[in-house]
Number of protein chains: 2
Amino acid sequence: MSCARPKLISKNNAHRTYYDYQYSEKVTSALMETLDENGVRPVTFNLSFNDENEYRFIHDVHYGGYAGLAIWPEHSGPLIKKMLNSICRERIPTVLYDHFFEDIPIDSVCTDNEDIGFRLADALLQKGCTRLAFVGVEYSENYSSTQARIEGMASATNNTGRSQGNPQIINLSGSKHDIFDINPLLKAMAAPQRPDGLLFTYSGIAKAVLPHLKELGWRIGTDLKIAFVDDNSYREKAGCPVITVEQPAAKVGQEAAKLLLQRIKNPDKPIIRKFIKSSRVTCPP
Amino acid sequence: MSCARPKLISKNNAHRTYYDYQYSEKVTSALMETLDENGVRPVTFNLSFNDENEYRFIHDVHYGGYAGLAIWPEHSGPLIKKMLNSICRERIPTVLYDHFFEDIPIDSVCTDNEDIGFRLADALLQKGCTRLAFVGVEYSENYSSTQARIEGMASATNNTGRSQGNPQIINLSGSKHDIFDINPLLKAMAAPQRPDGLLFTYSGIAKAVLPHLKELGWRIGTDLKIAFVDDNSYREKAGCPVITVEQPAAKVGQEAAKLLLQRIKNPDKPIIRKFIKSSRVTCPP
């Protein structure tokens, strides 16, 4: 979570410690640099909200002389929505990044996750796959980014006439930090109709799952094809041909800064929700 | 373990409580009936031997007025071999049933387990299977019956020119009473080259494993074919087409009794080791 203020107060490296820290750092760095280049000194916070500190935070922002807010919410629950609605009522210039809410009137910049799902699935189909499965993790089932990637994947499998209709969805149990149990994938591969193409929603799944698939005898890239969103340069470490795409981190940060600067200048302009496409899918030869 | 004595002392139903109790009961009943018909009153014991009670047992048998012994050893370890060698030295008329030792000169009657392995594998191949796997349980890996069935299966897959050479061997973890973990089978089915025919060494494995295979979507008898040694009439309960064979329990018991009666009459005749073939393999239409 970042705040922009006309004068510098402090500057922290606000990256998360999660699997996607490279991505988080790139987005936040690009955001801060763009603000900096435009004469706005950024202050960054990493906060978790509850009912009490939400009120204090909004109070501090409102009376603290900040020009605006750039917010990367981690969740989509009622508490974060309540806070964002308060911010709207207070007319604090705000941009959401890496997240959007259809029902809250705030500018936002987000990766086009539907496009990511479509393009990775399309690459798998172009490589000759006929049965695709989406491999996610239980904790992220209800994330808007996961849902958008699954929708994009379904567009690819339904509309091209090359595949099986809706893709199978396999949810491993685990957290952001670890995959605990790959049994659901093992069961999917042990079924009579099994996938020949797997789309992992993030590189941590590839890291956890690829050794097991190799041990079972799968020649990745030949018998079984793998695609995933790779925000941590796992591609080189995979040791086998994989299809990857990187989220447009720098662009998300830059666009978020631009929208915030515009909103500060013109508080009454219409709400904009931007979805940034990834530049390219990297395929093995 | 059964002893034969000219006069009746007591008669217990000496069946084991294991998965194969129907088989054990049939073998032992047939043995006792045949002895009984020939004027020998049987006494049955279920014993576990250690160094101490082994000596006592042989002493009691030797001085107890028994005409002979019919022994069904459960294991093939050094302790049982030591005891059997003592019995040989004492020249006590003895027959082993459902077990044999190549290196101990005692009459024995056994199911022809190599033939069972061959015929079940052959039935799977005739039904169109091309990749067979033997599914056993860790505890029985070193059993002579398991080894003989695997050898018979290998003869079928190697000699007919229809299959993959030596069959894959999958050992589940478990005991005689329970299968604890079917993960090794799940892994075999999740591999790129997976079996299309499974030979279970006993019906308890079918009971434990079939519900999982059905849940994965396998149509047993169509996509995946199953064969097993069925000594407990599990065939009807399986709820799907299966290939089975029953061990020739009654014949093993009868032949054991006959060999013992012959040995009692003529202690000096040559050693006979009989292998009884099962009558027929039951195939679905």
# chains A, B, ... in the order shown; residues from 1 in each chain; ligands from 1
>>> interface_residues(of="chain A", to="chain B", cutoff="10 Å", atoms="only C-alpha atoms", output="count of residues only")
21
>>> residues_around(residues="range 105-116 of chain B", least_positions_apart="2", cutoff="7 Å", atoms="only C-alpha atoms", output="PDB file with C-alpha atoms, in the first residue's frame")
ATOM      1  CA  THR B  94       4.909 -85.067   8.057  1.00  0.00           C
ATOM      2  CA  VAL B  95       3.269 -83.224   5.180  1.00  0.00           C
ATOM      3  CA  LEU B  96       3.463 -79.487   4.493  1.00  0.00           C
ATOM      4  CA  TYR B  97       0.431 -77.911   2.900  1.00  0.00           C
ATOM      5  CA  ASP B  98       0.049 -74.561   1.116  1.00  0.00           C
ATOM      6  CA  HIS B  99       3.800 -74.227   1.365  1.00  0.00           C
ATOM      7  CA  PHE B 100       6.927 -76.010   0.219  1.00  0.00           C
ATOM      8  CA  ASP B 103      15.779 -77.557   0.497  1.00  0.00           C
ATOM      9  CA  PHE B 118       0.238 -67.366 -15.901  1.00  0.00           C
ATOM     10  CA  ARG B 119      -3.455 -68.007 -16.431  1.00  0.00           C
ATOM     11  CA  LEU B 120      -4.695 -64.719 -14.950  1.00  0.00           C
ATOM     12  CA  SER B 145       3.356 -67.777  -3.425  1.00  0.00           C
ATOM     13  CA  ALA B 148       5.555 -67.856  -8.058  1.00  0.00           C
ATOM     14  CA  ARG B 149       2.572 -65.807  -9.254  1.00  0.00           C
ATOM     15  CA  GLU B 151       6.997 -65.656 -12.357  1.00  0.00           C
ATOM     16  CA  GLY B 152       3.913 -67.171 -13.982  1.00  0.00           C
ATOM     17  CA  GLN B 247      -7.269 -71.691  -5.389  1.00  0.00           C
ATOM     18  CA  PRO B 248      -7.975 -75.465  -5.354  1.00  0.00           C
ATOM     19  CA  VAL B 252      -4.871 -79.231  -1.540  1.00  0.00           C
ATOM     20  CA  GLU B 255      -3.922 -84.457  -1.330  1.00  0.00           C
ATOM     21  CA  ALA B 256      -2.107 -83.407   1.840  1.00  0.00           C
ATOM     22  CA  LEU B 259       0.396 -87.952   1.260  1.00  0.00           C
ATOM     23  CA  ILE B 271       9.629 -87.327  -1.074  1.00  0.00           C
ATOM     24  CA  ILE B 272       6.763 -85.946  -3.180  1.00  0.00           C
ATOM     25  CA  ARG B 273       6.045 -82.254  -3.778  1.00  0.00           C
ATOM     26  CA  LYS B 274       2.658 -81.776  -5.433  1.00  0.00           C
ATOM     27  CA  PHE B 275       1.484 -78.586  -7.107  1.00  0.00           C
ATOM     28  CA  ILE B 276      -2.274 -78.521  -7.606  1.00  0.00           C
ATOM     29  CA  LYS B 277      -3.666 -76.507 -10.494  1.00  0.00           C
TER      30      LYS B 277
END
>>> select_by_dssp(residues="range 84-274 of chain A", states="helix (DSSP H, G or I)", output="PyMOL selection string")
chain A and resi 84-89+113-126+138-140+144-159+183-190+203-215+235-238+249-265
>>> atom_distance(atom1="CA of Met83 in chain A", atom2="CA of Glu54 in chain A")
6.5 Å
>>> closest_residue(among="B:Tyr143, B:Pro167, B:Tyr55, B:Lys127", to="Pro73 in chain B", atoms="only C-alpha atoms")
B:Tyr143
>>> select_by_dssp(residues="range 213-250 of chain B", states="strand (DSSP E)", output="MDAnalysis selection string")
chainID B and resid 225:229 243:245
>>> closest_residue(among="A:Ile182, A:Arg280, A:Gly77, A:Asp196", to="Asp230 in chain A", atoms="only C-alpha atoms")
A:Arg280
>>> atom_distance(atom1="CA of Leu172 in chain B", atom2="CA of Ser203 in chain B")
13.6 Å
